[in-house]
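*Asks:* Hey, dropping start-v5.txt in here, compact mmCIF, C-alpha atoms:
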```
# COMPACT_ATOMS: atom_id res chain seq x y z
CA MET S 1 0.00 0.00 0.00
CA ARG S 2 2.96 2.35 0.31
CA ARG S 3 2.76 3.46 -3.30
CA THR S 4 -0.91 4.41 -2.90
CA VAL S 5 -0.22 7.28 -0.55
CA PRO S 6 0.04 9.94 -3.29
CA ILE S 7 -3.02 8.43 -4.93
CA ARG S 8 -4.89 8.77 -1.68
CA ILE S 9 -4.10 12.44 -1.60
CA LEU S 10 -5.25 12.73 -5.19
CA PHE S 11 -8.56 11.15 -4.33
CA ALA S 12 -8.85 13.36 -1.29
CA PHE S 13 -8.60 16.39 -3.55
CA CYS S 14 -11.23 14.94 -5.88
CA LEU S 15 -13.48 14.63 -2.88
CA VAL S 16 -12.70 18.07 -1.55
CA SER S 17 -15.15 19.46 -4.06
CA ALA S 18 -17.58 16.71 -3.13
CA THR S 19 -17.80 17.64 0.50
CA THR S 20 -18.15 21.35 -0.14
CA SER S 21 -21.31 20.65 -2.06
CA VAL S 22 -23.12 18.47 0.45
CA ALA S 23 -26.27 19.88 -0.83
CA HIS S 24 -29.24 18.17 0.52
CA ALA S 25 -30.06 18.08 4.17
CA GLN S 26 -30.86 21.79 4.48
CA SER S 27 -34.54 21.16 3.71
CA THR S 28 -36.38 18.42 5.48
CA THR S 29 -39.96 19.66 5.25
CA PRO S 30 -41.67 20.85 2.10
CA GLY S 31 -42.13 24.60 1.92
CA GLY S 32 -45.65 25.76 1.32
CA MET S 33 -48.85 24.19 2.49
CA PRO S 34 -52.55 24.56 1.78
CA SER S 35 -54.60 26.45 4.35
CA PRO S 36 -55.32 24.26 7.36
CA PRO S 37 -58.97 23.12 7.43
CA GLY S 38 -61.35 25.86 8.51
CA MET S 39 -58.78 28.61 7.99
CA SER S 40 -59.23 31.30 5.36
CA LEU S 41 -56.53 32.11 2.82
CA ALA S 42 -55.97 35.44 4.57
CA GLU S 43 -55.57 33.75 7.95
CA SER S 44 -53.06 31.21 6.64
CA ALA S 45 -51.14 33.91 4.77
CA ALA S 46 -50.92 35.92 8.00
CA MET S 47 -49.02 32.98 9.59
CA ARG S 48 -46.33 33.32 6.91
CA PHE S 49 -44.88 36.62 8.16
CA PRO S 50 -46.06 38.77 5.20
CA GLN S 51 -43.30 41.11 4.06
CA PRO S 52 -43.56 44.38 2.13
CA VAL S 53 -42.70 44.05 -1.55
CA ARG S 54 -42.96 46.45 -4.47
CA VAL S 55 -45.49 45.38 -7.10
CA GLY S 56 -43.12 46.26 -9.93
CA ASP S 57 -40.55 43.87 -8.43
CA LEU S 58 -42.98 40.97 -8.74
CA LEU S 59 -43.73 41.32 -12.45
CA GLY S 60 -42.15 38.64 -14.61
CA ARG S 61 -41.21 36.40 -11.67
CA ASP S 62 -41.39 32.66 -12.11
CA VAL S 63 -44.26 31.02 -10.23
CA LEU S 64 -43.25 27.66 -8.81
CA ARG S 65 -45.01 24.68 -7.34
CA PRO S 66 -43.98 24.05 -3.70
CA VAL S 67 -42.51 20.60 -4.32
CA GLU S 68 -38.94 19.41 -4.49
CA SER S 69 -38.85 19.55 -8.30
CA GLN S 70 -40.07 23.17 -8.12
CA ASP S 71 -41.99 22.88 -11.39
CA VAL S 72 -42.59 26.25 -13.03
CA LEU S 73 -46.35 26.79 -13.12
CA GLY S 74 -46.17 30.10 -14.92
CA ARG S 75 -45.04 33.66 -14.64
CA VAL S 76 -46.38 36.80 -12.94
CA ARG S 77 -47.95 39.04 -15.62
CA ARG S 78 -49.63 41.75 -13.54
CA LEU S 79 -51.23 42.47 -10.18
CA VAL S 80 -54.78 43.72 -9.95
CA ARG S 81 -57.42 44.59 -7.40
CA ASP S 82 -60.57 42.71 -8.38
CA ARG S 83 -64.11 44.05 -8.12
CA ASN S 84 -64.27 42.80 -4.50
CA GLY S 85 -61.15 44.76 -3.60
CA GLN S 86 -59.02 41.62 -3.27
CA ILE S 87 -55.47 41.69 -4.59
CA MET S 88 -54.96 39.06 -7.28
CA VAL S 89 -51.80 37.96 -9.02
CA VAL S 90 -52.44 37.39 -12.72
CA VAL S 91 -50.29 34.41 -13.68
CA ASP S 92 -49.58 33.25 -17.21
CA PHE S 93 -50.40 29.67 -16.40
CA GLY S 94 -49.41 26.46 -18.14
CA GLY S 95 -48.30 26.18 -21.73
CA PHE S 96 -44.99 25.00 -23.02
CA LEU S 97 -41.93 27.18 -23.68
CA GLY S 98 -44.09 30.26 -23.39
CA PHE S 99 -46.71 29.07 -25.87
CA GLY S 100 -50.26 28.07 -25.01
CA SER S 101 -50.39 29.66 -21.54
CA ARG S 102 -53.45 31.54 -20.38
CA PRO S 103 -53.84 34.17 -17.66
CA ILE S 104 -55.51 33.15 -14.41
CA ALA S 105 -56.06 35.32 -11.33
CA VAL S 106 -54.69 33.80 -8.10
CA PRO S 107 -55.39 35.47 -4.75
CA VAL S 108 -52.13 36.92 -3.41
CA ASP S 109 -52.88 35.20 -0.10
CA ALA S 110 -52.57 31.85 -1.89
CA MET S 111 -49.01 32.72 -2.88
CA VAL S 112 -45.68 33.26 -1.15
CA LEU S 113 -42.35 34.89 -1.89
CA LEU S 114 -39.44 32.54 -2.38
CA GLY S 115 -36.44 34.75 -2.97
CA GLN S 116 -36.58 35.92 -6.57
CA ASP S 117 -39.55 33.62 -7.32
CA MET S 118 -43.10 33.16 -6.12
CA GLU S 119 -44.96 29.98 -5.25
CA ILE S 120 -48.63 29.05 -5.26
CA VAL S 121 -49.05 27.20 -1.97
CA ALA S 122 -52.80 26.99 -1.53
CA PHE S 123 -53.85 25.35 -4.83
CA THR S 124 -52.71 22.26 -6.67
CA PRO S 125 -52.02 22.42 -10.43
CA GLU S 126 -55.22 20.41 -10.95
CA GLN S 127 -57.23 23.09 -9.12
CA LEU S 128 -55.46 25.85 -11.05
CA ARG S 129 -56.40 24.23 -14.35
CA GLN S 130 -60.06 24.74 -13.35
CA PHE S 131 -59.52 28.48 -12.76
CA PRO S 132 -61.34 30.66 -15.32
CA THR S 133 -59.22 32.64 -17.76
CA PHE S 134 -58.64 36.10 -16.27
CA SER S 135 -60.95 38.81 -17.57
CA PRO S 136 -59.73 42.38 -17.02
CA SER S 137 -63.23 43.86 -16.70
CA GLY S 138 -63.83 45.23 -13.22
CA ALA S 139 -60.17 44.78 -12.24
CA THR S 140 -57.79 47.68 -11.73
CA ASP S 141 -54.04 47.32 -12.15
CA LEU S 142 -51.84 48.05 -9.14
CA ALA S 143 -49.19 50.67 -9.89
CA ASP S 144 -45.60 49.42 -9.96
CA ASP S 145 -44.71 51.51 -6.92
CA THR S 146 -47.49 50.06 -4.76
CA ILE S 147 -46.15 48.20 -1.73
CA ILE S 148 -48.14 45.09 -0.84
CA LYS S 149 -47.47 42.38 1.73
CA VAL S 150 -46.84 38.78 0.74
CA GLY S 151 -46.08 35.79 2.97
CA LEU S 152 -42.92 33.69 2.91
CA ALA S 153 -42.01 30.03 2.65
CA LYS S 154 -38.83 28.06 2.92
CA PRO S 155 -37.48 26.43 -0.25
CA SER S 156 -39.07 23.09 -1.05
CA HIS S 157 -36.00 21.38 -2.45
CA MET E 1 -4.95 -4.14 -18.52
CA LYS E 2 -5.26 -4.11 -14.76
CA SER E 3 -5.67 -0.61 -13.38
CA PRO E 4 -2.66 0.59 -11.43
CA PHE E 5 -5.08 2.03 -8.88
CA ARG E 6 -6.74 -1.30 -8.14
CA PRO E 7 -5.93 -2.50 -4.62
CA ASP E 8 -4.69 -6.04 -4.08
CA VAL E 9 -7.62 -6.96 -1.84
CA VAL E 10 -11.06 -5.85 -3.00
CA PRO E 11 -13.46 -5.08 -0.13
CA ASN E 12 -17.07 -6.21 0.27
CA ALA E 13 -19.29 -4.08 -2.01
CA GLY E 14 -22.16 -4.27 0.49
CA ILE E 15 -20.33 -1.62 2.47
CA LEU E 16 -21.73 1.04 0.14
CA ASP E 17 -25.29 -0.15 0.79
CA ASP E 18 -24.76 0.14 4.54
CA HIS E 19 -23.94 3.81 4.11
CA LYS E 20 -26.44 4.82 1.46
CA PRO E 21 -27.91 7.81 3.36
CA LEU E 22 -24.53 9.30 4.13
CA ILE E 23 -23.22 8.72 0.63
CA ARG E 24 -26.37 10.13 -0.92
CA SER E 25 -25.96 13.27 1.17
CA LEU E 26 -22.45 13.57 -0.15
CA GLU E 27 -23.24 12.95 -3.78
CA ARG E 28 -26.26 14.97 -4.77
CA ARG E 29 -24.44 16.34 -7.76
CA GLY E 30 -23.82 13.90 -10.59
CA LEU E 31 -20.18 14.89 -10.73
CA ILE E 32 -19.67 13.66 -7.22
CA ARG E 33 -21.49 10.43 -7.89
CA GLY E 34 -18.74 9.58 -10.34
CA GLY E 35 -16.05 10.51 -7.84
CA LEU E 36 -17.15 8.51 -4.84
CA SER E 37 -16.53 4.85 -5.53
CA LEU E 38 -15.59 1.86 -3.49
CA GLY E 39 -12.07 2.24 -4.83
CA ALA E 40 -11.82 5.82 -3.59
CA LEU E 41 -13.04 4.75 -0.18
CA VAL E 42 -10.36 2.08 -0.01
CA MET E 43 -7.68 4.65 -0.68
CA LEU E 44 -9.03 6.97 1.96
CA SER E 45 -9.84 4.60 4.73
CA GLY E 46 -6.69 2.56 4.74
CA CYS E 47 -8.56 -0.56 3.56
CA ASP E 48 -10.30 -1.35 6.83
CA LEU E 49 -13.72 -1.49 5.23
CA ASP E 50 -15.09 -4.43 7.15
CA ARG E 51 -16.11 -2.13 9.98
CA PRO E 52 -18.93 0.16 8.69
CA GLU E 53 -18.06 2.91 11.15
CA SER E 54 -14.65 3.17 9.50
CA VAL E 55 -16.39 4.18 6.26
CA GLU E 56 -18.37 6.88 8.00
CA SER E 57 -15.29 8.19 9.75
CA ALA E 58 -13.43 8.14 6.41
CA LEU E 59 -16.14 10.27 4.79
CA LEU E 60 -16.10 12.68 7.70
CA ALA E 61 -12.29 12.75 7.59
CA ILE E 62 -12.57 13.98 4.00
CA GLY E 63 -14.73 16.80 5.29
CA ARG E 64 -12.22 17.73 7.98
CA PHE E 65 -9.36 17.55 5.49
CA ASN E 66 -11.32 19.88 3.23
CA ASP E 67 -11.91 22.27 6.15
CA GLY E 68 -8.17 22.35 6.76
CA VAL E 69 -7.39 23.10 3.11
CA GLN E 70 -9.98 25.89 3.06
CA ALA E 71 -8.57 27.42 6.24
CA LEU E 72 -5.10 27.39 4.68
CA LEU E 73 -6.39 29.03 1.51
CA PHE E 74 -8.39 31.69 3.37
CA ASP E 75 -6.89 35.15 2.83
CA PRO E 76 -7.95 37.47 5.69
CA ASN E 77 -7.48 40.54 3.48
CA LYS E 78 -9.17 39.37 0.30
CA LEU E 79 -12.66 40.76 -0.15
CA ALA E 80 -15.61 38.89 -1.62
CA PRO E 81 -17.46 40.66 -4.48
CA THR E 82 -19.88 43.43 -3.55
CA TYR E 83 -22.81 44.79 -5.58
CA PRO E 84 -24.70 48.04 -6.11
CA ALA E 85 -27.61 48.75 -3.75
CA SER E 86 -29.99 48.62 -6.73
CA MET E 87 -29.44 44.86 -6.89
CA ILE E 88 -30.65 44.18 -3.33
CA LEU E 89 -33.50 41.68 -3.24
CA ARG E 90 -36.32 43.06 -1.08
CA PRO E 91 -37.40 41.20 0.95
CA PRO E 92 -34.57 38.66 1.22
CA LYS E 93 -35.10 34.93 0.85
CA PHE E 94 -36.22 33.01 3.91
CA ASN E 95 -34.63 29.71 4.87
CA ALA E 96 -34.28 27.65 8.04
CA TYR E 97 -34.42 24.00 9.01
CA TYR E 98 -38.16 24.53 9.62
CA ASP E 99 -40.84 26.44 7.72
CA VAL E 100 -41.56 30.11 8.26
CA VAL E 101 -44.78 29.48 10.23
CA ASP E 102 -42.58 28.11 13.05
CA VAL E 103 -40.47 31.26 13.39
CA LYS E 104 -40.57 32.56 16.99
CA PRO E 105 -40.17 36.35 16.99
CA VAL E 106 -37.80 37.75 19.59
CA SER E 107 -39.00 40.42 22.02
CA ASP E 108 -36.45 43.22 22.28
CA ALA E 109 -37.67 44.04 25.79
CA THR E 110 -36.09 40.86 27.13
CA TRP E 111 -33.42 40.22 24.49
CA ARG E 112 -29.79 40.41 25.60
CA LEU E 113 -26.59 39.38 23.89
CA GLU E 114 -24.75 37.20 26.42
CA LEU E 115 -20.96 36.87 26.27
CA SER E 116 -18.76 34.09 27.58
CA GLY E 117 -15.38 32.42 27.20
CA LEU E 118 -12.13 34.22 26.44
CA ILE E 119 -13.61 37.72 26.73
CA ALA E 120 -12.53 40.44 29.17
CA GLU E 121 -15.82 42.41 29.33
CA ARG E 122 -18.54 39.79 29.64
CA ARG E 123 -21.53 41.94 30.59
CA PRO E 124 -24.56 41.36 28.32
CA TRP E 125 -25.44 43.86 25.57
CA THR E 126 -28.81 45.38 24.74
CA LEU E 127 -29.96 46.24 21.24
CA PRO E 128 -29.68 50.05 21.72
CA GLN E 129 -26.09 49.54 22.88
CA LEU E 130 -25.28 47.60 19.71
CA GLN E 131 -27.07 50.22 17.60
CA ALA E 132 -24.92 52.92 19.20
CA LEU E 133 -21.68 51.31 17.92
CA PRO E 134 -20.29 52.45 14.53
CA GLN E 135 -22.20 50.66 11.75
CA THR E 136 -20.97 49.29 8.43
CA SER E 137 -23.01 48.35 5.35
CA MET E 138 -22.26 45.76 2.70
CA VAL E 139 -24.14 44.44 -0.34
CA ILE E 140 -23.08 40.83 -0.76
CA LYS E 141 -24.28 37.58 -2.23
CA HIS E 142 -25.89 35.03 0.04
CA ILE E 143 -24.93 31.64 -1.37
CA CYS E 144 -26.78 28.61 -0.06
CA VAL E 145 -25.31 25.12 -0.09
CA GLU E 146 -28.58 24.06 -1.74
CA GLY E 147 -27.56 25.87 -4.91
CA TRP E 148 -29.52 29.14 -4.80
CA SER E 149 -28.28 32.65 -4.08
CA TYR E 150 -29.47 36.24 -3.82
CA ILE E 151 -27.91 39.65 -3.31
CA GLY E 152 -28.65 41.25 0.05
CA GLY E 153 -27.78 44.55 1.72
CA TRP E 154 -26.79 44.30 5.37
CA THR E 155 -25.89 46.92 7.98
CA GLY E 156 -24.47 46.29 11.43
CA VAL E 157 -21.43 46.10 13.66
CA PRO E 158 -18.30 44.52 12.18
CA LEU E 159 -17.67 41.44 14.30
CA ARG E 160 -13.97 42.40 14.51
CA ALA E 161 -14.83 45.78 16.04
CA PHE E 162 -17.20 44.11 18.50
CA LEU E 163 -14.66 41.48 19.54
CA GLU E 164 -12.04 44.18 20.04
CA ARG E 165 -14.49 46.28 22.02
CA ILE E 166 -15.35 43.48 24.45
CA GLY E 167 -11.71 42.50 24.90
CA ALA E 168 -11.98 39.08 23.27
CA ASP E 169 -8.82 36.99 22.93
CA LEU E 170 -8.26 37.39 19.19
CA ARG E 171 -5.73 34.54 19.21
CA ALA E 172 -8.45 32.06 20.21
CA LYS E 173 -9.52 29.54 17.58
CA TYR E 174 -13.29 29.82 17.52
CA VAL E 175 -16.18 32.22 17.87
CA ALA E 176 -19.40 30.38 18.72
CA PHE E 177 -23.01 31.56 18.57
CA LYS E 178 -26.23 30.50 20.26
CA THR E 179 -29.65 31.42 18.90
CA THR E 180 -33.30 31.35 19.95
CA ASP E 181 -34.09 28.71 17.32
CA ASP E 182 -31.68 26.10 18.65
CA TYR E 183 -29.24 26.58 15.82
CA PRO E 184 -25.78 26.65 17.40
CA SER E 185 -23.03 27.72 15.03
CA SER E 186 -19.34 28.57 15.09
CA ILE E 187 -16.66 30.07 12.88
CA ASP E 188 -12.87 30.35 12.80
CA MET E 189 -11.26 33.46 14.28
CA ALA E 190 -9.73 34.48 10.92
CA THR E 191 -13.21 34.76 9.39
CA ALA E 192 -14.57 36.45 12.51
CA LEU E 193 -11.97 39.19 12.00
CA HIS E 194 -12.58 39.50 8.22
CA PRO E 195 -13.85 42.96 7.20
CA GLN E 196 -16.94 41.41 5.55
CA THR E 197 -18.17 39.68 8.71
CA LEU E 198 -21.01 41.62 10.37
CA LEU E 199 -23.30 41.35 13.33
CA ALA E 200 -26.17 42.51 11.13
CA LEU E 201 -28.92 44.68 12.64
CA LYS E 202 -30.53 45.95 9.43
CA TYR E 203 -31.49 44.78 5.96
CA GLY E 204 -31.69 47.53 3.38
CA ASP E 205 -32.50 50.55 5.50
CA ASP E 206 -34.83 48.81 7.92
CA SER E 207 -34.44 46.72 11.06
CA LEU E 208 -34.22 43.01 10.31
CA ALA E 209 -37.71 41.56 9.92
CA ASP E 210 -38.62 38.73 12.31
CA PRO E 211 -38.11 35.87 9.82
CA PHE E 212 -34.62 37.11 8.98
CA GLY E 213 -33.19 37.12 12.49
CA TYR E 214 -34.36 40.21 14.40
CA PRO E 215 -32.67 41.68 16.37
CA VAL E 216 -29.17 40.38 15.47
CA ARG E 217 -27.85 37.83 13.04
CA LEU E 218 -24.48 37.00 11.54
CA ARG E 219 -23.70 37.84 7.90
CA MET E 220 -20.44 36.83 6.28
CA ALA E 221 -19.49 37.32 2.64
CA THR E 222 -16.96 34.49 2.79
CA LYS E 223 -19.04 31.54 3.96
CA LEU E 224 -22.07 29.55 2.82
CA GLY E 225 -25.53 30.58 4.00
CA TYR E 226 -25.95 27.93 6.68
CA LYS E 227 -22.97 29.39 8.60
CA ASN E 228 -24.96 32.60 9.29
CA PRO E 229 -27.09 32.09 12.42
CA LYS E 230 -30.15 34.30 12.99
CA TRP E 231 -31.71 35.50 16.30
CA ILE E 232 -28.33 35.40 18.06
CA THR E 233 -28.49 35.43 21.87
CA ALA E 234 -24.95 34.51 22.92
CA ILE E 235 -21.38 34.71 21.69
CA GLU E 236 -18.53 32.63 23.09
CA VAL E 237 -14.83 32.89 22.27
CA THR E 238 -13.15 29.55 22.80
CA ASN E 239 -10.37 27.16 21.85
CA THR E 240 -12.66 24.13 22.13
CA TYR E 241 -14.34 23.12 18.87
CA PRO E 242 -18.00 24.18 19.25
CA GLY E 243 -19.50 22.56 16.12
CA GLY E 244 -22.93 23.54 14.88
CA TYR E 245 -26.41 22.37 13.87
CA TRP E 246 -25.65 21.14 10.36
CA GLU E 247 -22.05 20.31 11.16
CA ALA E 248 -23.33 17.73 13.64
CA LYS E 249 -25.21 16.16 10.71
CA GLY E 250 -22.07 15.89 8.58
CA PHE E 251 -21.92 19.28 6.85
CA PRO E 252 -18.46 20.84 6.48
CA TRP E 253 -17.60 23.21 9.32
CA PHE E 254 -15.43 25.75 7.47
CA ALA E 255 -17.86 26.09 4.53
CA GLY E 256 -15.93 28.86 2.77
CA ILE E 257 -16.95 30.29 -0.56
```
Here is the file; what I need is its structure written in the form of structure tokens.
*Replies:*
Amino acid sequence: MRRTVPIRILFAFCLVSATTSVAHAQSTTPGGMPSPPGMSLAESAAMRFPQPVRVGDLLGRDVLRPVESQDVLGRVRRLVRDRNGQIMVVVDFGGFLGFGSRPIAVPVDAMVLLGQDMEIVAFTPEQLRQFPTFSPSGATDLADDTIIKVGLAKPSH
Amino acid sequence: MKSPFRPDVVPNAGILDDHKPLIRSLERRGLIRGGLSLGALVMLSGCDLDRPESVESALLAIGRFNDGVQALLFDPNKLAPTYPASMILRPPKFNAYYDVVDVKPVSDATWRLELSGLIAERRPWTLPQLQALPQTSMVIKHICVEGWSYIGGWTGVPLRAFLERIGADLRAKYVAFKTTDDYPSSIDMATALHPQTLLALKYGDDSLADPFGYPVRLRMATKLGYKNPKWITAIEVTNTYPGGYWEAKGFPWFAGI
């Protein structure tokens, strides 16, 4: 085994990069969750430490599914206040490579901030597919400089 | 042709199965999967593969070796990249070993920063006292071991200035932290004295928000995200290895960038 000593060191260096990227154990629970039974969207969003964010900073963000694979569900197109006064995030939902998506309006309380992205935590993709296509009538756009509050989640990966 | 790297005695391949969880944690990236083989383990462990604990200790020895190399390479005067304030992500990205709904906000009425170990002035500090010290700002990248990053703007007391102020023994090996969320952490003294190591009190121009460590957290430009404890309640200067939450689970301790 004497001659293997330099080889050992070589392998150790190969593995140096390996151990610096121990990448997994940081997340043990999935980020995001549907509202607990009997709790409104607003009540569950309030548990997620809503943070101030500028509307203009949300436009164009990827919208992810809160699962380990972090599937991209769509992209934020605009934020509106609907005829009931509720803030809705209009998401270009579905499609493939940017084609075939359609806008749906998701209540902001069903979504969270995840760094540079957003997630829809309160609805499954199957439920979202049943959402009607967004119709702008009766909705007013929020100005880019409007500050709204959106809850947080930990990464799901 | 027989490989010159092939050992004379080939160990039992079942040894890899016995250590699947540990190996999987080490080899999330495909690159690594290719690097960690039974052969490599033989080289590293001195062939004693019949005892499973020797494999685990070999893998952890690689981590310690890596820590040592990183400490040798660390240049106390070299600065990590900084960014313009316009690139600050507001709000920052939340992460912890639990979800955000389990964050326990800290009351500043009762909060104190306790000091212990090789420190001359060990009286506890209040938040206004920390706020009264000279503050430094830095816009740096937060790089998580999970693979994501964001640019954040932090303001607070340079840890070096604080350690000097409290009369800490700057020749000690370790600076250790305790937090309200049971997330002990520790760093080497060289990094503690680095100019881009802050006891952060603010993000952007505002006090830290509760999920991001109010009232005080650590922010370093030279280490991975998990080395930056939030909601700090105690600092100890010591020569005894203090470890940390993820380090106890096999993560590298030095974790430099």
*Asks:* So, with all atoms listed in the file as the atoms that count, which of E:Val55, E:Val9, E:Ile140, E:Ile235 lies closest to chain S?
*Replies:*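 Of E:Val55, E:Val9, E:Ile140, E:Ile235, the one nearest chain S, counting all atoms listed in the file, is E:Val9.
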*Asks:* So that I can see what lies close to Leu170 of chain E, please list as number ranges by chain the residues with an atom at most 12 Å from it, counting only C-alpha atoms and leaving out residues fewer than 3 positions away in the same chain.
*Replies:* E: 117-120, 159-167, 173-175, 188-194, 236-239
*Asks:* So, counting all atoms listed in the file, which residue among S:Met47, S:Val53, S:Val63, S:Val72 is closest to Met111 of chain S?
*Replies:*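 Looking only at the distances to Met111 of chain S, the closest residue turns out to be S:Val63.
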*Asks:* Please, which residues are within 9 Å of (-44.9, 40.7, -11.5) by the file's coordinates, counting all atoms listed in the file, and could they come as a ChimeraX atom specification?
*Replies:* /S:55-62,75-79,89-91,144
*Asks:* Restricting the calculation to all atoms listed in the file, which member of E:Val145, E:Leu201, E:Ala172, E:Met87 is positioned closest to Ala255 of chain E?
*Replies:*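 For Ala255 of chain E, the nearest of the candidates is E:Val145.
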